[in-house]
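Reading through the structure tokens given below for one structure.
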Amino acid sequence: MKKRWTILNPPETDVASLFTSLRIHKAICKILVQRGIDTFEKAKSWFRPQLSDLHSPWLMKDMQAAVSRIKTAMALNEKILVFGDYDVDGTTSVACMYRFLISLYPNVDFYIPHRYREGYGVSKLGIDHAKANNFSLIISLDCGIKSTDLITYAKTLNIDFIVCDHHLPDAQLPPAIAILNPKQNDCNYPYKELCGCGVGLKLIQALCETWELPDKAWMEFLDLTATAIAADIVPVTGENRILAFHGLKKVNENPCKGIKALMQLAGLQKEIRITNLVFVIAPRINAAGRMDDAKKAVQLFIETDYNNALAFAEMLHDDNTDRREADSSITEEALAIINGNAEFTNRKTTVVYRDHWHKGVVGIVASRLIETFYRPTVVLTKSGDIVAGSARSVPGFNLYEAIHACRESLLGYGGHFAAAGMTLLETNVQQFADQFEAVVAATIKPELLIPEMLIDAEIDFKDITPSFFSIIQQMEPYGPENMRPVFITRNVTETGYSRIVKEKHVRFVLKQTNSTITGIGFNLAEKFSLLQQQAPIDVVYTIDLNEWNGEENLQLKVIDFDLSKNVTI
């Protein structure tokens, strides 16, 4: 698939100023400036994240009200229900809050809604469960900010809510005792991008300060918080960077029994990085809610006996195996539908539907299809008597607005810029598909249908040294707004030793002047003929460490390449 190459260019004066202060490679200074690190002091705190730099939890609106209500509940021996969503952020949030409260107070339980019986967020079934079991305080985590009607209903049952959420609030807020959400317009909390688990952790911090507990009482939950940050794709900046950095340290040094059990089953033995949390740990947690009941994910994370934790981890591992099989078979079937139907050829969208597909993986399948066709995509299946589905967008296109414009074809919908969900009647599937195509075709910019590759800096092969790579490594943990640096090197020659491996990948051996370096390019075999032309190429890559037979060598992880004379920037 052809890609657009875009080299980022921060102000040269800022780069020169930082270079004067740091005296490290100018390309690294360029990357830092692009990420808002433009002074020596900012660089110092960024490269050495300190927990002492976290903001006071009391800066968050309603924190005092939340702490006071929890203290009252304990004083009056009320029952407290910790309520959270069924994804990674929700289940880790609930596990943290439940573990903390139960260590101090016995009348606490937790509740995770069932994905298919109750749907996303606060549910009426959950509130009715609380009433039937005499809970008078619900602490919702990673949900609740949009549950005005349901929290109003809870209030009629004399059940109070403390909402800990990070999603954008509506104009009307729910009638909760306290709403902890830095995205509220009148909340002065300095950092706005916490995940749900991060907001919950701030409440735990405030409670620790109130009861004069040692810092280790909240630091115990840094491993789960880092997992939530990684899985929820929030910016790895500010407090999230600090929490992820120290959370990863805890994952590697002293993880909770649940994380340890998942690591063992996944075969993770080397140092855990954020990519391991994103691509190995998080899918296993999410699989519980996608394929069955996410309650067991919380049970995994609150378990104190390792053997019991291993049993829960095996359940999640099995769910993930089922999820992968469903994901793979549905993706294959969807690709066959698209490739076998000429009408998809000139479309700006993909909408596919089969009534037997598993509802829990249609969002993943939509993302898989974008990898192949790169256009806004909707995957639909049957859910009871209605059709339900998930949509995914390409970067830069507002998917929610496009779905909103098709609302006359839908029973319901919700989501945000990049992802959405919807329900509709089976008789309206084709009408929706045609309407969605018309809306997207009329509004999407043509360049958004070509993947954009952001390139951080241009360097030469001679710049790729152990000391250069060491500084790059210190930029971890990576994530949104701090992605792994991408480099371009121009006028590179192929040595004659590059080859195709496993039919679809390329093992590179490349040379520039007197510097030769190896690399691997996944799924680039279709471009191998360009190398055979023996013409200079420009290569785009990240830098990686290759370990083989006990030796470590720097290598390129090639993302794309093209003939030098054909490259347009």
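Ordering of the structure tokens sets the chain letters (A, B, ...), residue numbers begin anew at 1 in every chain, and ligands are numbered from 1 in the order given.
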Residue neighbourhood Arg407 (chain A), 10 Å, only C-alpha atoms, exclusion window fewer than 5 positions, as a ChimeraX atom specification: /A:401-402,412-413,422,424,432,435-436
Contact residues around region 53-67 of chain A with only C-alpha atoms at 10 Å, ignoring same-chain residues under 6 positions, as JSON, numbers by chain: {"A": [45, 73, 139, 161, 162, 163, 164, 176, 177, 178, 179, 180, 181, 182, 184, 186, 187, 188, 189, 190, 191, 199, 201, 202, 203, 204, 205, 206, 207, 209, 210, 238, 239, 240, 242, 243]}
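Distance-wise, CA of Thr427 (chain A) and CA of Trp357 (chain A) end up 17.6 Å apart.
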With a distance cut-off of 7 Å and only C-alpha atoms, select the neighbouring residues of Thr493 (chain A), excluding the residue or stretch itself and same-chain residues fewer than 5 positions from it, and output the selection as an mmCIF file with N, CA and C atoms, in the first residue's frame.
data_model
loop_
_atom_site.group_PDB
_atom_site.id
_atom_site.type_symbol
_atom_site.label_atom_id
_atom_site.label_comp_id
_atom_site.auth_asym_id
_atom_site.auth_seq_id
_atom_site.Cartn_x
_atom_site.Cartn_y
_atom_site.Cartn_z
ATOM 1 N N LEU A 510 21.958 -3.130 3.955
ATOM 2 C CA LEU A 510 22.024 -1.858 3.245
ATOM 3 C C LEU A 510 23.317 -1.113 3.575
ATOM 4 N N LYS A 511 23.722 -0.252 2.646
ATOM 5 C CA LYS A 511 24.980 0.475 2.820
ATOM 6 C C LYS A 511 24.795 1.935 2.436
ATOM 7 N N GLN A 512 25.411 2.804 3.226
ATOM 8 C CA GLN A 512 25.498 4.222 2.882
ATOM 9 C C GLN A 512 26.938 4.662 3.156
ATOM 10 N N ALA A 535 19.322 0.603 -7.763
ATOM 11 C CA ALA A 535 19.300 2.072 -7.740
ATOM 12 C C ALA A 535 19.265 2.535 -6.290
ATOM 13 N N PRO A 536 19.735 3.742 -6.007
ATOM 14 C CA PRO A 536 19.682 4.251 -4.628
ATOM 15 C C PRO A 536 18.242 4.327 -4.133
ATOM 16 N N ILE A 537 18.072 4.025 -2.852
ATOM 17 C CA ILE A 537 16.737 4.099 -2.253
ATOM 18 C C ILE A 537 16.771 5.009 -1.028
#
Expected answer as a PyMOL selection string: strand (DSSP E) residues in region 197-379 of chain A: chain A and resi 350-353+377-379
Residues of the last selection are to be written out with N, CA and C atoms, as a PDB file, in the first residue's frame.
ATOM      1  N   THR A 350     -16.102   0.849   3.634  1.00  0.00           N
ATOM      2  CA  THR A 350     -16.382  -0.584   3.659  1.00  0.00           C
ATOM      3  C   THR A 350     -17.475  -0.830   4.695  1.00  0.00           C
ATOM      4  N   VAL A 351     -18.575  -1.439   4.284  1.00  0.00           N
ATOM      5  CA  VAL A 351     -19.620  -1.890   5.220  1.00  0.00           C
ATOM      6  C   VAL A 351     -19.914  -3.339   4.886  1.00  0.00           C
ATOM      7  N   VAL A 352     -19.643  -4.252   5.832  1.00  0.00           N
ATOM      8  CA  VAL A 352     -19.892  -5.679   5.612  1.00  0.00           C
ATOM      9  C   VAL A 352     -20.776  -6.221   6.733  1.00  0.00           C
ATOM     10  N   TYR A 353     -21.605  -7.192   6.369  1.00  0.00           N
ATOM     11  CA  TYR A 353     -22.570  -7.741   7.343  1.00  0.00           C
ATOM     12  C   TYR A 353     -22.774  -9.236   7.122  1.00  0.00           C
ATOM     13  N   THR A 377     -14.607   2.089   7.993  1.00  0.00           N
ATOM     14  CA  THR A 377     -15.110   0.711   7.898  1.00  0.00           C
ATOM     15  C   THR A 377     -16.126   0.417   8.997  1.00  0.00           C
ATOM     16  N   VAL A 378     -17.183  -0.277   8.605  1.00  0.00           N
ATOM     17  CA  VAL A 378     -18.211  -0.726   9.551  1.00  0.00           C
ATOM     18  C   VAL A 378     -18.396  -2.232   9.375  1.00  0.00           C
ATOM     19  N   VAL A 379     -18.362  -2.967  10.476  1.00  0.00           N
ATOM     20  CA  VAL A 379     -18.616  -4.409  10.455  1.00  0.00           C
ATOM     21  C   VAL A 379     -19.845  -4.676  11.311  1.00  0.00           C
TER      22      VAL A 379
END
Sel. of helix (DSSP H, G or I) residues, region 308-511 of chain A, as a PyMOL selection string: chain A and resi 308-339+342-344+359-373+399-405+407-409+426-443+446-449+461-463+466-473
Selected residues, C-alpha atoms, written as a short mmCIF file (atom, residue, chain, number, x, y, z; two decimals), in the first residue's frame, please.
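What landed in again-v8.cif:
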data_model
loop_
_atom_site.label_atom_id
_atom_site.label_comp_id
_atom_site.auth_asym_id
_atom_site.auth_seq_id
_atom_site.Cartn_x
_atom_site.Cartn_y
_atom_site.Cartn_z
CA ASN A 308 -5.62 -19.08 42.12
CA ALA A 309 -4.48 -16.15 39.97
CA LEU A 310 -3.01 -18.61 37.48
CA ALA A 311 -6.38 -20.36 37.24
CA PHE A 312 -8.13 -17.06 36.39
CA ALA A 313 -5.33 -16.17 33.97
CA GLU A 314 -5.85 -19.48 32.18
CA MET A 315 -9.52 -18.57 31.72
CA LEU A 316 -8.54 -15.25 30.15
CA HIS A 317 -5.90 -16.98 28.06
CA ASP A 318 -8.54 -19.40 26.73
CA ASP A 319 -10.93 -16.52 26.03
CA ASN A 320 -8.16 -14.82 24.07
CA THR A 321 -7.54 -17.97 22.05
CA ASP A 322 -11.25 -18.07 21.19
CA ARG A 323 -11.16 -14.35 20.38
CA ARG A 324 -8.20 -14.79 18.03
CA GLU A 325 -9.89 -17.68 16.23
CA ALA A 326 -13.11 -15.68 15.80
CA ASP A 327 -11.18 -12.59 14.74
CA SER A 328 -9.16 -14.54 12.17
CA SER A 329 -12.09 -16.44 10.63
CA ILE A 330 -14.35 -13.38 10.44
CA THR A 331 -11.60 -11.23 8.93
CA GLU A 332 -10.96 -13.91 6.31
CA GLU A 333 -14.65 -14.11 5.50
CA ALA A 334 -15.00 -10.32 5.33
CA LEU A 335 -12.01 -10.04 2.98
CA ALA A 336 -13.56 -12.68 0.72
CA ILE A 337 -16.82 -10.70 0.62
CA ILE A 338 -14.99 -7.50 -0.35
CA ASN A 339 -12.65 -9.09 -2.88
CA ALA A 342 -16.81 -5.44 -7.66
CA GLU A 343 -18.97 -2.72 -6.10
CA PHE A 344 -16.40 -2.32 -3.28
CA LYS A 359 -20.34 -9.41 18.23
CA GLY A 360 -17.31 -9.28 20.52
CA VAL A 361 -14.74 -9.02 17.73
CA VAL A 362 -16.41 -6.92 15.01
CA GLY A 363 -14.48 -3.83 16.13
CA ILE A 364 -11.19 -5.70 15.85
CA VAL A 365 -12.20 -6.97 12.40
CA ALA A 366 -12.99 -3.41 11.29
CA SER A 367 -9.45 -2.40 12.27
CA ARG A 368 -8.02 -5.39 10.38
CA LEU A 369 -9.92 -4.41 7.22
CA ILE A 370 -8.55 -0.87 7.43
CA GLU A 371 -5.05 -2.34 7.41
CA THR A 372 -5.85 -3.77 3.96
CA PHE A 373 -8.18 -1.20 2.38
CA LEU A 399 -16.26 9.01 12.02
CA TYR A 400 -18.82 10.03 14.64
CA GLU A 401 -20.05 12.94 12.51
CA ALA A 402 -20.45 10.62 9.52
CA ILE A 403 -22.44 8.11 11.57
CA HIS A 404 -24.54 10.97 12.99
CA ALA A 405 -25.40 12.06 9.44
CA ARG A 407 -28.96 8.54 11.97
CA GLU A 408 -32.25 8.14 10.07
CA SER A 409 -31.11 4.61 9.14
CA GLU A 426 -31.80 -5.70 9.34
CA THR A 427 -34.00 -4.21 6.61
CA ASN A 428 -31.97 -0.98 6.83
CA VAL A 429 -28.49 -2.45 6.39
CA GLN A 430 -28.18 -1.65 2.67
CA GLN A 431 -29.76 1.77 3.16
CA PHE A 432 -27.23 2.57 5.87
CA ALA A 433 -24.32 1.27 3.77
CA ASP A 434 -25.31 3.47 0.83
CA GLN A 435 -25.94 6.50 3.02
CA PHE A 436 -22.64 6.06 4.86
CA GLU A 437 -20.81 5.80 1.52
CA ALA A 438 -22.49 8.96 0.23
CA VAL A 439 -21.65 10.94 3.37
CA VAL A 440 -18.01 9.83 3.51
CA ALA A 441 -17.44 10.26 -0.24
CA ALA A 442 -18.76 13.82 -0.04
CA THR A 443 -16.71 14.85 2.99
CA PRO A 446 -8.64 12.30 -0.81
CA GLU A 447 -5.28 12.34 0.98
CA LEU A 448 -6.88 10.79 4.07
CA LEU A 449 -7.40 7.60 2.07
CA PHE A 461 23.72 5.35 8.94
CA LYS A 462 26.93 6.54 10.62
CA ASP A 463 24.74 8.26 13.26
CA PRO A 466 25.10 2.49 20.71
CA SER A 467 25.12 5.86 22.48
CA PHE A 468 22.54 7.27 20.02
CA PHE A 469 20.32 4.23 20.57
CA SER A 470 20.77 4.47 24.34
CA ILE A 471 19.22 7.95 24.34
CA ILE A 472 16.39 6.75 22.08
CA GLN A 473 15.66 3.95 24.56
#
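For the set A:Gly258, A:Glu481, A:Arg392, A:Thr91, the residue with the smallest atom-to-atom gap to Ile37 (chain A) is A:Glu481, counting only C-alpha atoms.
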Shell of 12 Å around region 18-31 of chain A, only C-alpha atoms, local chain residues under 4 positions omitted, as number ranges by chain: A: 7-14, 35-44, 47, 454-460, 463-465, 467-475, 481-488
For the residues selected in the previous step, produce a file with C-alpha atoms as a compact mmCIF listing (two decimals), in the first residue's frame.
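Final output, saved to selection.txt:
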# COMPACT_ATOMS: atom_id res chain seq x y z
CA ILE A 7 8.91 14.76 7.64
CA LEU A 8 8.22 16.80 10.76
CA ASN A 9 10.05 20.11 10.98
CA PRO A 10 10.03 21.95 14.32
CA PRO A 11 11.41 25.53 14.54
CA GLU A 12 15.15 25.39 13.87
CA THR A 13 15.85 28.08 16.48
CA ASP A 14 14.24 25.91 19.20
CA ARG A 35 7.19 16.64 21.56
CA GLY A 36 7.18 19.88 23.53
CA ILE A 37 10.53 19.29 25.26
CA ASP A 38 12.33 22.51 24.39
CA THR A 39 14.36 23.39 27.52
CA PHE A 40 17.00 21.70 29.65
CA GLU A 41 14.64 21.53 32.66
CA LYS A 42 11.82 19.97 30.63
CA ALA A 43 14.26 17.43 29.21
CA LYS A 44 15.59 16.58 32.66
CA PHE A 47 14.00 11.69 30.79
CA LEU A 454 5.19 10.73 10.06
CA ILE A 455 8.98 10.86 10.02
CA ASP A 456 10.74 12.45 12.98
CA ALA A 457 14.17 13.15 11.55
CA GLU A 458 16.65 12.48 8.76
CA ILE A 459 19.91 10.83 9.79
CA ASP A 460 22.79 8.94 8.18
CA ASP A 463 24.74 8.26 13.26
CA ILE A 464 23.31 4.93 14.42
CA THR A 465 25.62 4.19 17.33
CA SER A 467 25.12 5.86 22.48
CA PHE A 468 22.54 7.27 20.02
CA PHE A 469 20.32 4.23 20.57
CA SER A 470 20.77 4.47 24.34
CA ILE A 471 19.22 7.95 24.34
CA ILE A 472 16.39 6.75 22.08
CA GLN A 473 15.66 3.95 24.56
CA GLN A 474 15.37 6.49 27.36
CA MET A 475 12.47 8.07 25.49
CA GLU A 481 2.16 11.82 21.40
CA ASN A 482 5.41 10.02 22.20
CA MET A 483 5.69 7.32 19.57
CA ARG A 484 8.88 5.40 18.83
CA PRO A 485 11.03 7.76 16.69
CA VAL A 486 10.87 7.16 12.96
CA PHE A 487 13.91 8.04 10.83
CA ILE A 488 14.68 8.42 7.14
Pick from A:Ala420, A:Val492, A:Ala75, A:Ala388 nearest to Leu563 (chain A), counting only C-alpha atoms: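 Among the listed residues, the smallest separation from Leu563 (chain A) belongs to A:Val492.
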Selection near region 129-135 of chain A, 9 Å with only C-alpha atoms, sequence-local residues under 5 positions removed, as a ChimeraX atom specification: /A:78-81,108,111,124,154,157-159
Atomic separation - CA of Ser136 (chain A) relative to CA of Glu118 (chain A), Å: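 Separation between CA of Glu118 (chain A) and CA of Ser136 (chain A): 20.9 Å.
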Sorted per-residue table, region 90-132 of chain A near region 213-224 of chain A, closest atoms and distance, 10 Å, only C-alpha atoms, as a tab-separated table:
residue	atom	partner	partner_atom	distance
A:Thr91	CA	A:Leu224	CA	9.4
A:Thr92	CA	A:Leu224	CA	5.8
A:Ser93	CA	A:Leu224	CA	7.9
A:Ala95	CA	A:Leu224	CA	8.4
A:Cys96	CA	A:Phe221	CA	6.0
A:Met97	CA	A:Phe221	CA	9.1
A:Arg99	CA	A:Phe221	CA	9.1
A:Phe100	CA	A:Ala217	CA	7.8
A:Ser103	CA	A:Ala217	CA	9.9
